[in-house]
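Asker: Input my_file-v5.cif, format and content: mmCIF, C-alpha atoms.
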data_work
#
loop_
_atom_site.label_atom_id
_atom_site.label_comp_id
_atom_site.auth_asym_id
_atom_site.auth_seq_id
_atom_site.Cartn_x
_atom_site.Cartn_y
_atom_site.Cartn_z
CA MET A 203 -51.46 71.54 -136.47
CA THR A 204 -54.04 74.13 -137.29
CA VAL A 205 -54.10 77.87 -137.06
CA LYS A 206 -57.48 79.25 -136.08
CA SER A 207 -58.67 82.79 -135.70
CA MET A 208 -60.27 84.17 -132.57
CA THR A 209 -62.51 87.22 -132.81
CA VAL A 210 -62.43 90.21 -130.48
CA LYS A 211 -65.96 89.28 -129.42
CA GLU A 212 -64.75 85.83 -128.33
CA VAL A 213 -61.85 87.35 -126.40
CA THR A 214 -64.29 89.80 -124.77
CA LYS A 215 -66.37 86.85 -123.53
CA LYS A 216 -63.25 85.33 -121.98
CA VAL A 217 -62.47 88.58 -120.20
CA ILE A 218 -66.02 88.84 -118.85
CA ASN A 219 -66.23 85.16 -117.84
CA LYS A 220 -62.72 85.35 -116.33
CA ASP A 221 -61.66 82.38 -118.48
CA PRO A 222 -57.98 81.46 -118.77
CA LEU A 223 -56.04 82.36 -121.92
CA PHE A 224 -52.36 82.51 -122.77
CA ILE A 225 -51.48 85.56 -124.85
CA LEU A 226 -48.36 85.60 -126.96
CA ASP A 227 -48.06 89.28 -127.85
CA VAL A 228 -45.67 89.74 -130.77
CA ARG A 229 -45.68 93.55 -130.88
CA ASN A 230 -42.51 95.43 -129.89
CA HIS A 231 -41.81 95.82 -126.17
CA ASP A 232 -42.77 99.50 -126.04
CA ALA A 233 -46.19 98.92 -127.59
CA TYR A 234 -46.81 95.97 -125.26
CA GLY A 235 -45.64 97.92 -122.19
CA ASP A 236 -47.99 100.76 -123.06
CA TRP A 237 -51.14 98.74 -123.60
CA LYS A 238 -52.27 95.12 -123.84
CA ILE A 239 -55.34 92.88 -123.61
CA GLU A 240 -56.20 92.66 -119.93
CA GLY A 241 -57.89 89.64 -118.39
CA GLU A 242 -57.95 88.50 -114.78
CA ASN A 243 -56.88 84.96 -115.68
CA PHE A 244 -54.76 85.75 -118.69
CA GLU A 245 -51.07 84.90 -118.85
CA TYR A 246 -48.64 86.70 -121.12
CA LEU A 247 -45.47 86.34 -123.09
CA ASN A 248 -44.15 89.26 -125.13
CA VAL A 249 -41.68 88.40 -127.90
CA PRO A 250 -41.59 90.76 -130.90
CA TYR A 251 -42.31 89.03 -134.22
CA PHE A 252 -39.06 90.39 -135.67
CA ASP A 253 -37.10 88.36 -133.12
CA LEU A 254 -38.84 85.20 -134.38
CA LEU A 255 -37.99 85.50 -138.07
CA ASP A 256 -35.30 82.83 -137.78
CA GLY A 257 -37.60 80.42 -135.99
CA VAL A 258 -39.82 79.89 -132.99
CA GLU A 259 -37.74 77.13 -131.31
CA ASP A 260 -36.79 79.42 -128.46
CA ILE A 261 -40.36 80.07 -127.37
CA VAL A 262 -42.05 76.73 -128.00
CA ASP A 263 -41.15 75.49 -124.53
CA LYS A 264 -42.60 78.60 -122.96
CA LEU A 265 -46.09 78.03 -124.33
CA PRO A 266 -48.57 75.92 -122.34
CA LEU A 267 -50.13 72.80 -123.85
CA ASN A 268 -53.17 72.75 -121.57
CA LYS A 269 -54.40 76.25 -122.39
CA GLN A 270 -55.56 78.12 -125.46
CA VAL A 271 -52.75 80.22 -126.88
CA LEU A 272 -53.65 83.44 -128.68
CA VAL A 273 -51.05 85.23 -130.80
CA VAL A 274 -51.66 88.98 -130.89
CA CYS A 275 -50.10 91.80 -132.92
CA ALA A 276 -51.02 95.32 -133.98
CA LYS A 277 -53.09 94.59 -137.07
CA GLU A 278 -53.09 90.78 -137.54
CA GLY A 279 -50.40 90.18 -140.20
CA SER A 280 -47.51 89.33 -137.90
CA SER A 281 -49.64 87.22 -135.60
CA VAL A 282 -50.70 85.05 -138.55
CA MET A 283 -47.07 84.58 -139.52
CA VAL A 284 -46.02 83.58 -136.00
CA ALA A 285 -49.10 81.37 -135.55
CA GLU A 286 -48.22 79.53 -138.76
CA MET A 287 -44.64 79.03 -137.61
CA LEU A 288 -45.89 77.63 -134.29
CA SER A 289 -48.30 75.41 -136.16
CA ASP A 290 -45.43 74.05 -138.27
CA ALA A 291 -43.65 73.33 -134.99
CA GLY A 292 -46.59 71.16 -133.94
CA LEU A 293 -48.61 73.54 -131.77
CA SER A 294 -52.27 74.43 -132.07
CA VAL A 295 -52.70 78.17 -131.64
CA PHE A 296 -55.07 81.02 -132.44
CA TYR A 297 -54.38 84.48 -133.81
CA LEU A 298 -56.46 87.55 -133.00
CA GLU A 299 -58.59 88.62 -135.96
CA GLY A 300 -57.85 92.28 -136.74
CA GLY A 301 -55.19 92.53 -134.02
CA MET A 302 -55.06 95.27 -131.39
CA LYS A 303 -56.69 97.65 -133.87
CA ALA A 304 -59.87 95.56 -133.78
CA TRP A 305 -59.51 95.12 -130.02
CA SER A 306 -59.44 98.89 -129.56
CA GLU A 307 -62.49 99.37 -131.76
CA TYR A 308 -64.78 96.65 -130.46
CA LEU A 309 -67.88 97.63 -128.48
CA GLU A 310 -69.86 95.09 -126.46
CA PRO A 311 -73.48 96.16 -125.89
CA VAL A 312 -74.75 95.22 -122.42
CA LYS A 313 -78.30 95.83 -121.23
CA ILE A 314 -78.28 97.69 -117.91
CA GLY A 315 -81.97 97.76 -117.19
CA ASP A 316 -85.50 98.78 -118.10
CA LEU A 317 -86.96 102.24 -117.86
CA LYS A 318 -90.09 102.92 -115.80
CA ASP A 319 -92.51 103.66 -118.62
CA GLY A 320 -91.06 101.28 -121.15
CA GLY A 321 -87.70 101.35 -122.85
CA SER A 322 -84.21 100.29 -121.87
CA LEU A 323 -80.76 101.53 -121.14
CA TYR A 324 -77.74 99.89 -122.77
CA GLN A 325 -74.09 100.34 -121.99
CA PHE A 326 -71.62 99.94 -124.86
CA VAL A 327 -68.39 98.68 -123.36
CA ARG A 328 -65.29 99.54 -125.38
CA ILE A 329 -63.33 96.88 -123.62
CA GLY A 330 -59.95 97.47 -125.25
CA LYS A 331 -59.81 101.12 -124.30
CA GLY A 332 -61.97 101.32 -121.18
CA CYS A 333 -64.54 103.71 -122.68
CA LEU A 334 -68.25 103.44 -121.94
CA SER A 335 -71.05 104.92 -124.02
CA TYR A 336 -74.81 104.63 -123.69
CA MET A 337 -78.07 104.18 -125.52
CA ILE A 338 -81.29 105.28 -123.81
CA GLU A 339 -84.21 104.03 -125.88
CA SER A 340 -87.93 104.37 -125.48
CA GLN A 341 -90.78 103.94 -127.96
CA GLY A 342 -88.47 103.49 -130.89
CA GLU A 343 -86.42 106.60 -130.21
CA ALA A 344 -82.96 106.82 -128.73
CA LEU A 345 -80.40 109.12 -127.18
CA ILE A 346 -76.75 108.09 -127.49
CA VAL A 347 -74.33 109.45 -124.90
CA ASP A 348 -70.54 109.76 -125.31
CA ALA A 349 -70.45 107.93 -128.65
CA ALA A 350 -67.17 106.39 -129.76
CA ARG A 351 -65.64 107.15 -133.16
CA MET A 352 -66.95 103.84 -134.55
CA THR A 353 -70.51 105.13 -135.03
CA GLU A 354 -71.62 102.12 -137.10
CA HIS A 355 -71.93 100.06 -133.88
CA TYR A 356 -74.77 102.30 -132.62
CA LYS A 357 -76.38 102.62 -136.03
CA THR A 358 -76.40 98.85 -136.58
CA PHE A 359 -77.72 98.16 -133.08
CA ALA A 360 -80.48 100.77 -133.56
CA ASP A 361 -81.43 99.42 -137.00
CA GLU A 362 -81.60 95.84 -135.73
CA ASN A 363 -83.96 96.90 -132.95
CA ASN A 364 -86.04 99.31 -135.07
CA ILE A 365 -84.85 102.28 -133.10
CA LEU A 366 -84.37 105.78 -134.48
CA ILE A 367 -81.46 107.72 -132.99
CA LYS A 368 -82.83 111.24 -132.44
CA HIS A 369 -80.37 112.70 -129.97
CA VAL A 370 -76.62 112.34 -129.51
CA ALA A 371 -74.86 113.97 -126.54
CA ASP A 372 -71.34 114.28 -125.19
CA THR A 373 -71.09 114.86 -121.43
CA HIS A 374 -67.92 116.88 -122.06
CA LEU A 375 -65.24 117.61 -124.64
CA HIS A 376 -63.28 114.36 -124.63
CA ALA A 377 -59.49 114.27 -124.51
CA ASP A 378 -58.81 110.53 -124.57
CA HIS A 379 -60.82 109.41 -127.58
CA ILE A 380 -62.31 110.91 -130.70
CA SER A 381 -66.00 111.51 -130.27
CA GLY A 382 -68.39 110.01 -132.79
CA GLY A 383 -71.14 112.31 -131.52
CA LYS A 384 -71.32 114.92 -134.24
CA LYS A 385 -70.72 112.35 -137.00
CA LEU A 386 -73.45 110.05 -135.70
CA ALA A 387 -75.94 112.91 -135.31
CA GLU A 388 -75.31 113.97 -138.91
CA LYS A 389 -75.63 110.41 -140.19
CA VAL A 390 -79.02 109.83 -138.55
CA GLY A 391 -80.32 113.40 -138.87
CA GLY A 392 -80.44 113.81 -135.09
CA THR A 393 -79.47 116.62 -132.74
CA TYR A 394 -75.97 116.86 -131.27
CA TYR A 395 -75.58 118.23 -127.74
CA ILE A 396 -72.45 119.28 -125.88
CA PRO A 397 -72.05 121.52 -122.79
CA PRO A 398 -71.63 125.13 -124.09
CA LYS A 399 -68.75 125.86 -121.72
CA ASP A 400 -66.75 123.03 -123.33
CA ALA A 401 -67.76 124.17 -126.80
CA GLU A 402 -66.37 127.70 -126.93
CA GLU A 403 -63.89 126.67 -129.61
CA VAL A 404 -66.14 124.14 -131.34
CA VAL A 405 -66.48 125.05 -135.01
CA PHE A 406 -69.70 123.18 -135.90
CA ASP A 407 -73.36 123.62 -134.89
CA PHE A 408 -74.60 122.06 -131.66
CA GLU A 409 -77.32 122.31 -129.04
CA GLY A 410 -76.22 123.16 -125.50
CA LEU A 411 -76.31 120.33 -122.98
CA GLN A 412 -77.34 122.44 -120.01
CA GLU A 413 -78.90 122.15 -116.61
CA GLY A 414 -82.59 123.05 -116.83
CA LYS A 415 -82.83 121.93 -120.47
CA GLU A 416 -84.37 118.48 -120.59
CA ILE A 417 -84.07 116.01 -123.42
CA HIS A 418 -87.14 113.87 -124.10
CA VAL A 419 -86.77 110.41 -125.54
CA GLY A 420 -89.99 108.91 -126.90
CA ASP A 421 -93.18 110.91 -126.16
CA THR A 422 -91.80 112.67 -123.07
CA LYS A 423 -91.76 109.39 -121.23
CA VAL A 424 -88.08 109.35 -120.44
CA ILE A 425 -86.75 112.66 -119.28
CA VAL A 426 -83.03 113.16 -119.39
CA GLN A 427 -82.04 115.90 -117.04
CA PRO A 428 -78.61 117.50 -117.31
CA LEU A 429 -76.81 118.42 -114.12
CA TYR A 430 -73.85 120.79 -114.23
CA THR A 431 -70.90 119.04 -112.58
CA PRO A 432 -67.65 120.68 -113.70
CA GLY A 433 -64.14 119.60 -112.73
CA HIS A 434 -62.80 117.24 -115.38
CA THR A 435 -63.60 119.98 -117.87
CA ILE A 436 -65.30 123.28 -117.14
CA GLY A 437 -68.46 122.15 -118.95
CA SER A 438 -68.73 118.55 -117.66
CA THR A 439 -72.39 117.69 -117.28
CA SER A 440 -74.00 114.62 -115.72
CA LEU A 441 -77.27 113.16 -116.95
CA LEU A 442 -80.04 112.04 -114.64
CA ILE A 443 -82.24 109.53 -116.41
CA ASP A 444 -85.66 108.30 -115.31
CA ASP A 445 -84.81 109.24 -111.67
CA LYS A 446 -82.85 106.02 -111.63
CA TYR A 447 -79.59 106.33 -113.53
CA LEU A 448 -76.82 108.90 -113.19
CA LEU A 449 -74.43 109.20 -116.12
CA THR A 450 -71.38 110.81 -114.56
CA GLY A 451 -69.16 111.23 -117.64
CA ASP A 452 -65.52 111.61 -116.58
CA ILE A 453 -66.28 113.12 -113.16
CA LEU A 454 -66.90 109.98 -111.12
CA PHE A 455 -65.90 106.41 -111.92
CA VAL A 456 -66.52 103.20 -110.00
CA GLU A 457 -63.05 102.89 -108.46
CA SER A 458 -61.62 106.34 -109.15
CA ILE A 459 -62.44 109.97 -109.84
CA GLY A 460 -61.87 112.30 -112.79
CA ARG A 461 -58.69 114.29 -113.36
CA PRO A 462 -58.87 118.08 -113.82
CA ASP A 463 -55.73 118.65 -115.88
CA LEU A 464 -56.41 117.56 -119.46
CA ALA A 465 -57.24 121.06 -120.63
CA GLY A 466 -54.21 122.43 -118.77
CA LYS A 467 -56.16 123.94 -115.89
CA ALA A 468 -55.78 121.56 -112.97
CA ASP A 469 -55.39 124.29 -110.37
CA ASP A 470 -58.40 126.25 -111.59
CA TRP A 471 -60.72 123.28 -111.82
CA VAL A 472 -59.83 121.36 -108.68
CA THR A 473 -62.38 123.36 -106.63
CA ASP A 474 -65.09 122.67 -109.21
CA LEU A 475 -64.27 118.96 -109.16
CA ARG A 476 -64.43 118.93 -105.37
CA GLU A 477 -67.82 120.69 -105.37
CA SER A 478 -69.27 118.34 -107.95
CA LEU A 479 -68.17 115.23 -106.06
CA TYR A 480 -68.55 116.38 -102.46
CA ASP A 481 -71.51 118.74 -102.74
CA LYS A 482 -73.66 118.24 -105.83
CA TYR A 483 -73.65 114.44 -106.00
CA THR A 484 -74.14 114.07 -102.24
CA LYS A 485 -77.49 115.86 -102.56
CA LEU A 486 -78.76 113.20 -104.96
CA ASP A 487 -80.57 109.99 -104.06
CA GLY A 488 -78.01 107.36 -102.96
CA GLY A 489 -80.06 104.69 -104.74
CA LEU A 490 -79.16 106.11 -108.16
CA THR A 491 -77.15 103.78 -110.37
CA VAL A 492 -73.91 105.47 -111.38
CA LEU A 493 -72.89 104.85 -115.00
CA PRO A 494 -69.49 106.41 -115.82
CA ALA A 495 -67.82 107.08 -119.17
CA HIS A 496 -64.79 104.91 -118.33
CA PHE A 497 -63.47 102.00 -116.40
CA SER A 498 -59.79 101.47 -115.58
CA LYS A 499 -59.48 97.79 -114.77
CA VAL A 500 -61.29 94.70 -116.01
CA SER A 501 -61.97 93.81 -112.38
CA GLU A 502 -64.62 96.56 -112.51
CA LEU A 503 -66.65 94.57 -115.04
CA GLY A 504 -69.75 92.83 -113.70
CA GLU A 505 -70.94 89.38 -114.67
CA ASN A 506 -72.27 90.51 -118.05
CA GLY A 507 -69.45 92.95 -118.65
CA GLU A 508 -71.32 95.97 -117.27
CA VAL A 509 -69.70 98.74 -115.24
CA MET A 510 -72.00 100.27 -112.62
CA ALA A 511 -72.57 100.83 -108.88
CA SER A 512 -75.05 102.68 -106.71
CA LEU A 513 -74.11 106.19 -105.63
CA LYS A 514 -74.40 105.15 -101.99
CA GLU A 515 -72.00 102.27 -102.53
CA LEU A 516 -69.46 104.58 -104.15
CA TYR A 517 -69.54 106.96 -101.19
CA GLU A 518 -68.72 103.94 -99.03
CA ARG A 519 -65.91 102.40 -101.04
CA ASN A 520 -64.50 104.81 -103.65
CA GLN A 521 -61.57 106.38 -101.81
CA GLY A 522 -61.62 109.46 -104.01
CA LEU A 523 -64.88 110.43 -102.30
CA SER A 524 -63.67 110.46 -98.70
CA LEU A 525 -60.68 112.78 -98.71
CA GLU A 526 -59.97 115.96 -96.75
CA THR A 527 -59.62 119.08 -98.90
CA ASP A 528 -55.82 119.15 -98.91
CA GLU A 529 -55.47 115.46 -99.57
CA PHE A 530 -57.99 115.76 -102.40
CA ARG A 531 -56.15 118.67 -103.99
CA SER A 532 -52.88 116.78 -103.81
CA LEU A 533 -54.38 113.62 -105.34
CA VAL A 534 -55.83 115.39 -108.37
CA THR A 535 -52.99 117.84 -109.03
CA ASP A 536 -49.74 116.12 -108.00
CA ASN A 537 -48.21 113.00 -109.50
CA LEU A 538 -50.96 112.56 -112.07
CA PRO A 539 -50.70 109.58 -114.41
CA PRO A 540 -49.35 110.29 -117.92
CA GLN A 541 -51.81 112.07 -120.17
CA PRO A 542 -53.63 110.09 -122.84
CA ASN A 543 -51.83 109.60 -126.14
CA SER A 544 -52.24 112.64 -128.48
CA TYR A 545 -54.75 114.25 -126.11
CA GLN A 546 -54.22 117.75 -127.48
CA GLU A 547 -54.87 116.66 -131.05
CA ILE A 548 -57.86 114.62 -129.89
CA ARG A 549 -59.39 117.71 -128.24
CA GLN A 550 -58.81 119.74 -131.41
CA THR A 551 -60.44 116.99 -133.47
CA ASN A 552 -63.44 116.91 -131.15
CA MET A 553 -63.82 120.68 -131.63
CA GLY A 554 -63.89 120.14 -135.38
CA LYS A 555 -60.64 122.08 -135.83
CA LEU A 556 -58.66 119.08 -137.05
CA ASN A 557 -59.98 116.52 -139.50
CA PRO A 558 -57.49 113.64 -139.56
CA GLU A 559 -57.92 110.64 -141.84
CA GLU A 560 -59.40 107.52 -140.26
CA GLU A 561 -56.03 105.76 -140.10
CA GLU A 562 -54.57 108.75 -138.28
CA GLN A 563 -57.52 108.90 -135.87
CA ARG A 564 -56.84 105.27 -135.04
CA GLU A 565 -53.18 106.01 -134.30
CA MET A 566 -54.16 108.97 -132.11
CA GLU A 567 -56.38 106.75 -129.99
CA ILE A 568 -53.86 103.95 -129.44
CA GLY A 569 -53.41 103.04 -125.80
CA PRO A 570 -55.40 103.20 -122.57
CA ASN A 571 -57.76 106.08 -121.70
CA ARG A 572 -55.98 107.45 -118.59
CA CYS A 573 -58.78 109.80 -117.57
CA ALA A 574 -58.95 108.81 -113.91
CA VAL A 575 -56.97 109.31 -110.73
CA GLN A 576 -57.04 106.78 -107.96
CA LYS A 577 -55.84 106.91 -104.40
CA MET B 258 -27.37 109.83 -147.76
CA LYS B 259 -25.70 107.34 -150.09
CA ALA B 260 -26.98 103.81 -149.70
CA ASP B 261 -25.40 100.59 -150.93
CA LYS B 262 -28.72 98.91 -151.51
CA PHE B 263 -32.36 99.99 -151.86
CA LEU B 264 -35.51 98.19 -150.71
CA ASP B 265 -38.96 99.31 -151.77
CA ALA B 266 -41.43 98.14 -149.13
CA LYS B 267 -44.13 100.66 -149.96
CA GLY B 268 -47.67 99.31 -149.78
CA LEU B 269 -46.56 96.29 -147.76
CA ALA B 270 -48.23 95.57 -144.42
CA CYS B 271 -46.59 94.29 -141.29
CA PRO B 272 -44.64 91.93 -141.04
CA MET B 273 -43.43 92.14 -144.66
CA PRO B 274 -41.32 95.34 -144.43
CA ILE B 275 -39.18 93.74 -141.72
CA VAL B 276 -39.14 90.30 -143.31
CA LYS B 277 -37.81 91.86 -146.53
CA THR B 278 -35.40 94.11 -144.66
CA LYS B 279 -33.93 91.14 -142.87
CA LYS B 280 -33.49 89.21 -146.14
CA ALA B 281 -31.77 92.18 -147.76
CA MET B 282 -29.50 92.74 -144.77
CA ASP B 283 -28.51 89.07 -144.69
CA GLN B 284 -26.94 89.54 -148.13
CA MET B 285 -24.98 92.66 -147.19
CA GLU B 286 -21.57 93.27 -145.67
CA ASN B 287 -20.98 94.87 -142.28
CA GLY B 288 -20.91 98.65 -142.50
CA GLN B 289 -23.00 98.81 -145.68
CA ILE B 290 -26.14 100.92 -145.72
CA LEU B 291 -29.63 99.82 -146.78
CA GLU B 292 -32.21 102.43 -147.74
CA ILE B 293 -35.80 101.34 -147.11
CA HIS B 294 -39.00 103.04 -148.20
CA ALA B 295 -42.19 101.96 -146.43
CA THR B 296 -45.73 103.20 -145.95
CA ASP B 297 -46.78 101.04 -142.99
CA LYS B 298 -46.87 103.41 -140.00
CA GLY B 299 -45.87 100.65 -137.59
CA ALA B 300 -42.60 100.15 -139.48
CA LYS B 301 -40.91 103.03 -137.68
CA ASN B 302 -41.00 101.64 -134.15
CA ASP B 303 -40.53 98.06 -135.29
CA LEU B 304 -37.53 98.79 -137.52
CA SER B 305 -35.73 100.71 -134.81
CA ALA B 306 -36.44 97.99 -132.23
CA TRP B 307 -35.41 95.25 -134.67
CA ALA B 308 -32.22 97.10 -135.64
CA LYS B 309 -31.27 97.48 -132.00
CA SER B 310 -31.85 93.82 -131.16
CA GLY B 311 -29.93 92.72 -134.29
CA GLY B 312 -26.95 94.99 -133.63
CA HIS B 313 -27.63 97.23 -136.66
CA GLU B 314 -27.70 101.00 -136.59
CA LEU B 315 -30.59 103.16 -137.76
CA VAL B 316 -28.42 105.97 -139.11
CA ASP B 317 -31.23 108.24 -140.26
CA HIS B 318 -34.93 108.29 -141.00
CA ASN B 319 -37.43 110.80 -142.32
CA GLU B 320 -40.88 111.07 -143.83
CA GLU B 321 -41.71 112.53 -147.22
CA ASN B 322 -45.22 112.65 -148.64
CA GLY B 323 -46.39 109.77 -146.49
CA VAL B 324 -43.34 107.61 -147.35
CA LEU B 325 -41.15 106.60 -144.43
CA LYS B 326 -37.46 106.42 -145.39
CA PHE B 327 -34.93 104.53 -143.30
CA TYR B 328 -31.17 104.19 -143.57
CA LEU B 329 -29.86 101.12 -141.81
CA LYS B 330 -26.19 100.31 -141.34
CA LYS B 331 -25.42 96.64 -141.02
CA GLY B 332 -23.64 95.75 -137.79
#
So, in terms of structure tokens, how does the structure I just supplied come out?

Answerer:
Amino acid sequence: MTVKSMTVKEVTKKVINKDPLFILDVRNHDAYGDWKIEGENFEYLNVPYFDLLDGVEDIVDKLPLNKQVLVVCAKEGSSVMVAEMLSDAGLSVFYLEGGMKAWSEYLEPVKIGDLKDGGSLYQFVRIGKGCLSYMIESQGEALIVDAARMTEHYKTFADENNILIKHVADTHLHADHISGGKKLAEKVGGTYYIPPKDAEEVVFDFEGLQEGKEIHVGDTKVIVQPLYTPGHTIGSTSLLIDDKYLLTGDILFVESIGRPDLAGKADDWVTDLRESLYDKYTKLDGGLTVLPAHFSKVSELGENGEVMASLKELYERNQGLSLETDEFRSLVTDNLPPQPNSYQEIRQTNMGKLNPEEEEQREMEIGPNRCAVQK
Amino acid sequence: MKADKFLDAKGLACPMPIVKTKKAMDQMENGQILEIHATDKGAKNDLSAWAKSGGHELVDHNEENGVLKFYLKKG
């Protein structure tokens, strides 16, 4: 029988289309328990590759014949070995090209919509980690928001569409992933923006992302208007684009809300978070499309893989937006989920204080984003 | 620590460090110690998990100049 490879792009399509897939994850139990490929119709079996060195007889009966079987490991090597052993045993299976490393680093670009005076807005879905970044393009110019570490994705997409990246912004100092913002801005000769209150310890040059300071993309046609909405961090800033889209960063998600504790100041910032969600956002037009910087579950993905909802809809169904003050305080300060892997080092890296090698950056980012709290 | 046998797995990617470790251990007597040097970062968690499931003991491990060193006692 044959061993075929499956790419992360192909697996992404299966997640979005809710196709069935049987995943044989051969990483150790801890790694699997911490983080895996999520799909609504995926089935799983976790047997570490090192328990299969003497043979795969014990698991052959546990694999379905009527479904595609994908063998997954951290970087590919072990999944190829196990896939070949299964093939020798008469099964036809796939292995995941590049393993979980590639899964964590893949970005799927999804078009969200057109802008009023020409131009488009794209969401880049980092499906393996639940991170969302954005490209706002008009007249051949673009602004990238909350860029991932893998900056070549944006550069390639821009080059293919004859777009020049002129601005790169982070809505806040990220704690769950390493920002590609500064690196991308340097690569394309663009301007890097970050909220000044999050940048007090930042060691490189930046422009302040501040309320009252607009960013123009393409001949002033698209105006990006920052809106100060602290709470996840003290500087957290939302972006209002074209009077139609609201980029909420890590303050408001589709099914959850931001957590205030990743800089160690949950008690200080809980009031800010409450004001941003219950006062500032409520004054905005309910017809705005909310575009967050994360999703938590693949069930949040729309039919093309997009993550979005109108502000009005969120006030109706996101439970984090309809809590009494005490209940709200308790939700965002007590019993918080574990913090993201290496979040302190990630913050230091995003300030420019640490400069880890690429391999180390990859290790730091392993695992889910864990930036949200949900009732 | 004094080892009975030495395995150089530096530069090898997963799954080879464990495949080679298993082969080496198969030829050893109970109670003997194998010293392994590896550079694959994933080796640390995998070796300890593999040792546990195989009844071996990870007696000691450390890192020196990017080289991970393991001392495994056959059980």

Asker: If we count all atoms listed in the file and set the cut-off at 9 Å, which residues sit around range 386-403 of chain A, ignoring sequence neighbours fewer than 5 positions away in its own chain? Please answer as a PyMOL selection string.

Answerer: chain A and resi 349+351+353-354+356-357+366-375+408-412+430+435-439+550+553-555

Asker: For the file shown, report as a PyMOL selection string the outcome of the PyMOL selection byres ((chain A) within 9 of (chain B)) at residue level.

Answerer: chain A and resi 229-233+250-253+255+276-281+283+565

Asker: Provide an axis-aligned box for all listed atoms of range 303-318 of chain A, padding each side by 3 Å; report its centre and its edge lengths in Å to one decimal, as AutoDock Vina command-line options.

Answerer:
--center_x -73.4 --center_y 99.0 --center_z -124.8 --size_x 39.4 --size_y 13.8 --size_z 24.1

Asker: Quick one: residues within 7 Å of Ala285 in chain A, all atoms listed in the file counted, chain neighbours fewer than 2 positions away excluded, as a list in words?

Answerer: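 Skipping anything fewer than 2 positions along the chain leaves Val205, Val273, Ser281, Val282, Met283, Met287, Leu288, Ser289, Val295, Phe296 and Tyr297 of chain A.
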
Asker: Between CA of Cys333 in chain A and CA of Pro540 in chain A, what is the spacing in Å?

Answerer: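 Interatomic distance, CA of Pro540 in chain A to CA of Cys333 in chain A: 17.2 Å.
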
Asker: On this structure, the PyMOL selection byres ((chain A and resi 537) around 12) would catch which residues? List them as a list in words, sorted by chain and number.

Answerer: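 With the PyMOL selection byres ((chain A and resi 537) around 12) on this model, the match is Arg461, Asp463, Ala468, Arg531, Ser532, Leu533, Val534, Thr535, Asp536, Leu538, Pro539, Pro540, Gln541, Val575, Gln576 and Lys577 of chain A.
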
Asker: Would you mind reading off the distance between CA of Ala300 in chain B and CA of Asp263 in chain A, one decimal, in Å?

Answerer: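 That distance, rounded to one decimal, is 28.9 Å.
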
Asker: Just give me the gap between CA of Gly504 in chain A and CA of Lys331 in chain A in Å, one decimal is fine.

Answerer: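 Interatomic distance here is 16.7 Å.
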
Asker: Please provide as number ranges by chain all residues within 7 Å of Leu513 in chain A, with the sequence filter that same-chain residues fewer than 4 positions apart are discarded (counting all atoms listed in the file).

Answerer: A: 488-492, 517

Asker: Given only C-alpha atoms as the basis, pick out the residue of A:Glu339, A:Asp348, A:Glu508, A:Asp407 nearest to Leu441 in chain A.

Answerer: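 Closest candidate: A:Asp348.
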
Asker: Pick the closest to Leu329 in chain B from B:Leu315, B:Gly288, B:Ala281, B:Pro274: which is it, counting all atoms listed in the file?

Answerer: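 Using all atoms listed in the file, Leu329 in chain B sits closest to B:Leu315.
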
Asker: Under the PyMOL selection byres ((chain A and resi 309) around 10), which residues of this model are included? Write them out as a short mmCIF file (atom, residue, chain, number, x, y, z; two decimals) with C-alpha atoms, in the frame of the given file.

Answerer:
data_model
loop_
_atom_site.label_atom_id
_atom_site.label_comp_id
_atom_site.auth_asym_id
_atom_site.auth_seq_id
_atom_site.Cartn_x
_atom_site.Cartn_y
_atom_site.Cartn_z
CA VAL A 210 -62.43 90.21 -130.48
CA LYS A 211 -65.96 89.28 -129.42
CA THR A 214 -64.29 89.80 -124.77
CA ALA A 304 -59.87 95.56 -133.78
CA TRP A 305 -59.51 95.12 -130.02
CA SER A 306 -59.44 98.89 -129.56
CA GLU A 307 -62.49 99.37 -131.76
CA TYR A 308 -64.78 96.65 -130.46
CA GLU A 310 -69.86 95.09 -126.46
CA PRO A 311 -73.48 96.16 -125.89
CA VAL A 312 -74.75 95.22 -122.42
CA GLN A 325 -74.09 100.34 -121.99
CA PHE A 326 -71.62 99.94 -124.86
CA VAL A 327 -68.39 98.68 -123.36
CA ARG A 328 -65.29 99.54 -125.38
CA ILE A 329 -63.33 96.88 -123.62
CA GLY A 330 -59.95 97.47 -125.25
CA LYS A 331 -59.81 101.12 -124.30
CA CYS A 333 -64.54 103.71 -122.68
CA LEU A 334 -68.25 103.44 -121.94
CA SER A 335 -71.05 104.92 -124.02
CA ALA A 350 -67.17 106.39 -129.76
CA MET A 352 -66.95 103.84 -134.55
CA HIS A 355 -71.93 100.06 -133.88
CA TYR A 356 -74.77 102.30 -132.62
#

Asker: Taking into account only C-alpha atoms, which residue in the set B:Lys309, B:Asp283, B:Leu269, B:Ala260 is nearest to Val324 in chain B?

Answerer: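 Smallest separation from Val324 in chain B among the options: B:Leu269.
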